[in-house]
Amino acid sequence: MGAGDELRRGREAYESRAWTDAHGSLSRADAQRALAPDDLELLATTAYLLGRDDEQVAALERAHQAHLDAGDALRAVRCAFWLSIGLMLRGKVGQATGWLGRGQRELDRRPGDSVERGYLLVPVMVQQAVAGDFDAAHATAVAAARIGERFADADLVALAVHHQGGVLIRQGRVEEGLGLLDEAMVAVKTGGLSPIVTGLVYCSVIDGCQQVYELRRAQEWTAALSRWCEEQPDMVAFTGRCLVHRAEIMQLQGAWPDALQEARRAGERCAQATNPGAAAQAAYRRGEVHRLRGEPAEAEAAYREASRHGGEPQPGLALLRLAQGNERAAAATLRRVVAQTGEPLARAGLLPAYVEVMLAVGDAAEARAACDEFEALARRNPSEMLGAMVAYARGAVTLADGKPAAALPGLRRAAQAWHALEAPYEAARARALIGLACRALGDEDGAALELDAARAAFAELGAAPDLARLDALMGAPADEAHGLTPRELQVLRLVAAGETNKSIAAELVLSERTVDRHVSNIFAKLRLSSRTAATAYAYEHGLV
């Protein structure tokens, strides 16, 4: 096929968002006859969306030079901008700054106004925000948005407005910031933005919603991002971060096997797209699900992977240490991390775990102080999710102080809020504390109702550690010293006989998911991490 035919096919595939076909045809056309600058930009975009970052840089560098050779300095500046943004996102700050400087010099040679002046403000406002100069970043974003509006450039307006919203959120002006994020998403939903800008705004807006615990907004925009990604099945860019967001929401909604699968897929996509930040988030999410399911070896491996990608695997790793009985290590780690974290909303992600660990080590005063800080932070940044988190933390502290009657109203508010947010694990934890408060007040019927409801939720979720703790509190029937229920002992014997979960389910007339939960509970109660170890335990203790 000739270069002209390949070029036509490549352009058509680009318009239909068939990125692999577009990249292939444009590459073949370029091999036969060097592409024109505009088509080199199309090739660069397809390379970026397919996760071929080096190819994107090479194509943009060629397009930049070709525009200069053709005397179109402004289009060359636009290429310099995208080179700067792409390199910045990959952590190559020196090269990104170099391209930004080159674009600025080329622009300075041309008198008069142009939309490119607004584009070159975008990396500046990002750098200002990273440096913590939020006033300057906000002013720069406003200036960029005005230029975009003046030239009717939807991409620039969306980039500037969503950055402006993010800066306002970090300044504590949450409602104003969320309003601007919503405005940026309206532009995305109308479909008038270029593919890369669409993906950047989607991911950034969802990040902003999650930072301020706006769960419902995050769910809405994550669902929209998922649909957009599914319409382009060969796209690699943005899909990793999309899957991370999906995994986090699935975990909160109690779909833990699905969350684990999405987090694994996210890690694979992030590796393809050379995105270590998102890869760290994906690994951390896997660690969280494994921890909640009582799989300590798998959780620790995932947390360590997150650390290798440059992430801080906290507070998950500290909570894992707490579950393993190493309260001292958990407390030391969280004291260090909290002391090093200054941004209020980042501290909000640590304080619930900090309260839990301080109560576990008997430092009630420190737990109360952390809870006070958390309440003040939530008042400045009100959200339904933060309110539920604070109510639970205050209830736990008050209960630990020996004031069960005072603890109950906040714990009930927490349980109701988590139920409304469709977060079954968090709701069950609140109900478990309500049960303990009722028991402390002598209300055994009320305690039994709450503890039974919490136990049923933990069993349904497969929350093995929580289930084991609750069984111990409730005095659930167990067989001898190992602490296994009769059904768990039955499952253990079949595991020791070499049966798979599927075959055990068929033999006992259970669902495979129920057998999965029983196996997780067995591992948690016996402090084991594999079927081999469970088999050895069964033989060593004469259970088979």
# chains A, B, ... in the order shown; residues from 1 in each chain; ligands from 1

call {"tool": "residues_around", "arguments": {"residues": "A:Ser84", "least_positions_apart": "2", "cutoff": "9 Å", "atoms": "only C-alpha atoms", "output": "MDAnalysis selection string"}}
result
chainID A and resid 79:82 86:89 93 95:100 123

call {"tool": "write_last_selection", "arguments": {"atoms": "N, CA and C atoms", "output": "PDB file, in the first residue's frame"}}
result
ATOM      1  N   CYS A  79       4.142  22.216  20.197  1.00  0.00           N
ATOM      2  CA  CYS A  79       4.854  20.944  20.342  1.00  0.00           C
ATOM      3  C   CYS A  79       5.779  20.971  21.563  1.00  0.00           C
ATOM      4  N   ALA A  80       6.461  22.101  21.773  1.00  0.00           N
ATOM      5  CA  ALA A  80       7.333  22.242  22.941  1.00  0.00           C
ATOM      6  C   ALA A  80       6.528  22.109  24.227  1.00  0.00           C
ATOM      7  N   PHE A  81       5.318  22.659  24.223  1.00  0.00           N
ATOM      8  CA  PHE A  81       4.445  22.534  25.401  1.00  0.00           C
ATOM      9  C   PHE A  81       4.140  21.075  25.700  1.00  0.00           C
ATOM     10  N   TRP A  82       3.716  20.315  24.689  1.00  0.00           N
ATOM     11  CA  TRP A  82       3.356  18.920  24.927  1.00  0.00           C
ATOM     12  C   TRP A  82       4.569  18.080  25.305  1.00  0.00           C
ATOM     13  N   GLY A  86       4.539  16.037  28.822  1.00  0.00           N
ATOM     14  CA  GLY A  86       4.784  14.595  28.817  1.00  0.00           C
ATOM     15  C   GLY A  86       5.988  14.214  29.645  1.00  0.00           C
ATOM     16  N   LEU A  87       7.075  14.972  29.495  1.00  0.00           N
ATOM     17  CA  LEU A  87       8.291  14.677  30.256  1.00  0.00           C
ATOM     18  C   LEU A  87       8.086  14.950  31.739  1.00  0.00           C
ATOM     19  N   MET A  88       7.323  15.984  32.058  1.00  0.00           N
ATOM     20  CA  MET A  88       7.050  16.299  33.466  1.00  0.00           C
ATOM     21  C   MET A  88       6.262  15.166  34.122  1.00  0.00           C
ATOM     22  N   LEU A  89       5.268  14.638  33.417  1.00  0.00           N
ATOM     23  CA  LEU A  89       4.465  13.543  33.959  1.00  0.00           C
ATOM     24  C   LEU A  89       5.300  12.287  34.175  1.00  0.00           C
ATOM     25  N   VAL A  93      12.091  16.116  35.024  1.00  0.00           N
ATOM     26  CA  VAL A  93      11.863  17.537  35.245  1.00  0.00           C
ATOM     27  C   VAL A  93      12.857  18.401  34.468  1.00  0.00           C
ATOM     28  N   GLN A  95      14.485  17.828  31.590  1.00  0.00           N
ATOM     29  CA  GLN A  95      14.149  17.894  30.170  1.00  0.00           C
ATOM     30  C   GLN A  95      12.864  18.687  29.953  1.00  0.00           C
ATOM     31  N   ALA A  96      11.896  18.486  30.857  1.00  0.00           N
ATOM     32  CA  ALA A  96      10.631  19.222  30.733  1.00  0.00           C
ATOM     33  C   ALA A  96      10.865  20.723  30.832  1.00  0.00           C
ATOM     34  N   THR A  97      11.694  21.125  31.795  1.00  0.00           N
ATOM     35  CA  THR A  97      11.995  22.548  31.954  1.00  0.00           C
ATOM     36  C   THR A  97      12.730  23.089  30.737  1.00  0.00           C
ATOM     37  N   GLY A  98      13.611  22.273  30.166  1.00  0.00           N
ATOM     38  CA  GLY A  98      14.341  22.694  28.974  1.00  0.00           C
ATOM     39  C   GLY A  98      13.420  22.966  27.799  1.00  0.00           C
ATOM     40  N   TRP A  99      12.447  22.093  27.584  1.00  0.00           N
ATOM     41  CA  TRP A  99      11.513  22.308  26.477  1.00  0.00           C
ATOM     42  C   TRP A  99      10.599  23.503  26.746  1.00  0.00           C
ATOM     43  N   LEU A 100      10.228  23.683  28.007  1.00  0.00           N
ATOM     44  CA  LEU A 100       9.417  24.851  28.349  1.00  0.00           C
ATOM     45  C   LEU A 100      10.192  26.135  28.042  1.00  0.00           C
ATOM     46  N   PRO A 123       2.465  24.535  32.455  1.00  0.00           N
ATOM     47  CA  PRO A 123       3.552  23.951  33.251  1.00  0.00           C
ATOM     48  C   PRO A 123       4.004  24.866  34.386  1.00  0.00           C
TER      49      PRO A 123
END

call {"tool": "residues_around", "arguments": {"residues": "A:Ala323", "least_positions_apart": "4", "cutoff": "9 Å", "atoms": "only C-alpha atoms", "output": "ChimeraX atom specification"}}
result
/A:291,294,296,318-319,327,465

call {"tool": "residues_around", "arguments": {"residues": "stretch 394-401 of chain A", "least_positions_apart": "3", "cutoff": "12 Å", "atoms": "only C-alpha atoms", "output": "PyMOL selection string"}}
result
chain A and resi 351-375+387-391+404-415+429-441

call {"tool": "residues_around", "arguments": {"residues": "A:Gln211", "least_positions_apart": "3", "cutoff": "10 Å", "atoms": "only C-alpha atoms", "output": "JSON, numbers by chain"}}
result
{"A": [166, 169, 170, 205, 206, 207, 208, 214, 215, 218, 345, 346, 348, 349]}

call {"tool": "residues_around", "arguments": {"residues": "A:Ala63", "least_positions_apart": "3", "cutoff": "10 Å", "atoms": "only C-alpha atoms", "output": "ChimeraX atom specification"}}
result
/A:35-44,57-60,66-69,75-76,78-80

call {"tool": "select_by_dssp", "arguments": {"residues": "stretch 354-486 of chain A", "states": "helix (DSSP H, G or I)", "output": "ChimeraX atom specification"}}
result
/A:354-360,364-380,384-400,404-420,424-440,444-461,464-474,480-482,486

call {"tool": "closest_residue", "arguments": {"among": "A:Ala152, A:Ala330, A:Leu508, A:Ala255", "to": "A:Leu461", "atoms": "only C-alpha atoms"}}
result
A:Ala255

call {"tool": "closest_residue", "arguments": {"among": "A:Glu305, A:Glu300, A:Glu149, A:Glu268", "to": "A:Arg321", "atoms": "only C-alpha atoms"}}
result
A:Glu300

call {"tool": "residues_around", "arguments": {"residues": "A:Lys525", "least_positions_apart": "3", "cutoff": "9 Å", "atoms": "only C-alpha atoms", "output": "ChimeraX atom specification"}}
result
/A:294,464-465,468,482-484,520-522,528

call {"tool": "write_last_selection", "arguments": {"atoms": "N, CA, C and O atoms", "output": "mmCIF file, in the first residue's frame"}}
result
data_model
loop_
_atom_site.group_PDB
_atom_site.id
_atom_site.type_symbol
_atom_site.label_atom_id
_atom_site.label_comp_id
_atom_site.auth_asym_id
_atom_site.auth_seq_id
_atom_site.Cartn_x
_atom_site.Cartn_y
_atom_site.Cartn_z
ATOM 1 N N GLY A 294 -6.930 -10.842 55.490
ATOM 2 C CA GLY A 294 -6.126 -11.688 56.364
ATOM 3 C C GLY A 294 -5.078 -12.481 55.616
ATOM 4 O O GLY A 294 -4.812 -13.647 55.954
ATOM 5 N N ALA A 464 -11.344 -11.834 57.242
ATOM 6 C CA ALA A 464 -10.954 -12.876 58.186
ATOM 7 C C ALA A 464 -10.436 -12.344 59.521
ATOM 8 O O ALA A 464 -10.845 -12.829 60.581
ATOM 9 N N PRO A 465 -9.538 -11.352 59.545
ATOM 10 C CA PRO A 465 -9.044 -10.879 60.849
ATOM 11 C C PRO A 465 -10.151 -10.288 61.716
ATOM 12 O O PRO A 465 -10.223 -10.570 62.917
ATOM 13 N N ALA A 468 -12.320 -13.100 63.045
ATOM 14 C CA ALA A 468 -11.690 -13.848 64.138
ATOM 15 C C ALA A 468 -11.756 -13.068 65.443
ATOM 16 O O ALA A 468 -12.052 -13.626 66.511
ATOM 17 N N HIS A 482 -7.361 -24.712 68.634
ATOM 18 C CA HIS A 482 -7.010 -24.038 67.382
ATOM 19 C C HIS A 482 -7.987 -22.912 67.034
ATOM 20 O O HIS A 482 -7.690 -22.063 66.211
ATOM 21 N N GLY A 483 -9.173 -22.887 67.647
ATOM 22 C CA GLY A 483 -10.099 -21.788 67.426
ATOM 23 C C GLY A 483 -10.937 -21.893 66.175
ATOM 24 O O GLY A 483 -11.660 -20.959 65.837
ATOM 25 N N LEU A 484 -10.875 -23.006 65.449
ATOM 26 C CA LEU A 484 -11.651 -23.149 64.216
ATOM 27 C C LEU A 484 -13.067 -23.618 64.532
ATOM 28 O O LEU A 484 -13.277 -24.439 65.440
ATOM 29 N N SER A 520 -9.685 -18.166 53.995
ATOM 30 C CA SER A 520 -9.082 -16.942 54.525
ATOM 31 C C SER A 520 -9.186 -16.888 56.042
ATOM 32 O O SER A 520 -8.234 -16.509 56.739
ATOM 33 N N ASN A 521 -10.341 -17.301 56.586
ATOM 34 C CA ASN A 521 -10.516 -17.313 58.042
ATOM 35 C C ASN A 521 -9.551 -18.282 58.703
ATOM 36 O O ASN A 521 -8.987 -17.996 59.769
ATOM 37 N N ILE A 522 -9.363 -19.446 58.090
ATOM 38 C CA ILE A 522 -8.439 -20.453 58.634
ATOM 39 C C ILE A 522 -7.031 -19.882 58.680
ATOM 40 O O ILE A 522 -6.322 -19.995 59.691
ATOM 41 N N LEU A 528 -1.362 -18.365 59.316
ATOM 42 C CA LEU A 528 -0.692 -19.045 58.208
ATOM 43 C C LEU A 528 -0.867 -18.208 56.944
ATOM 44 O O LEU A 528 -1.732 -17.334 56.876
#
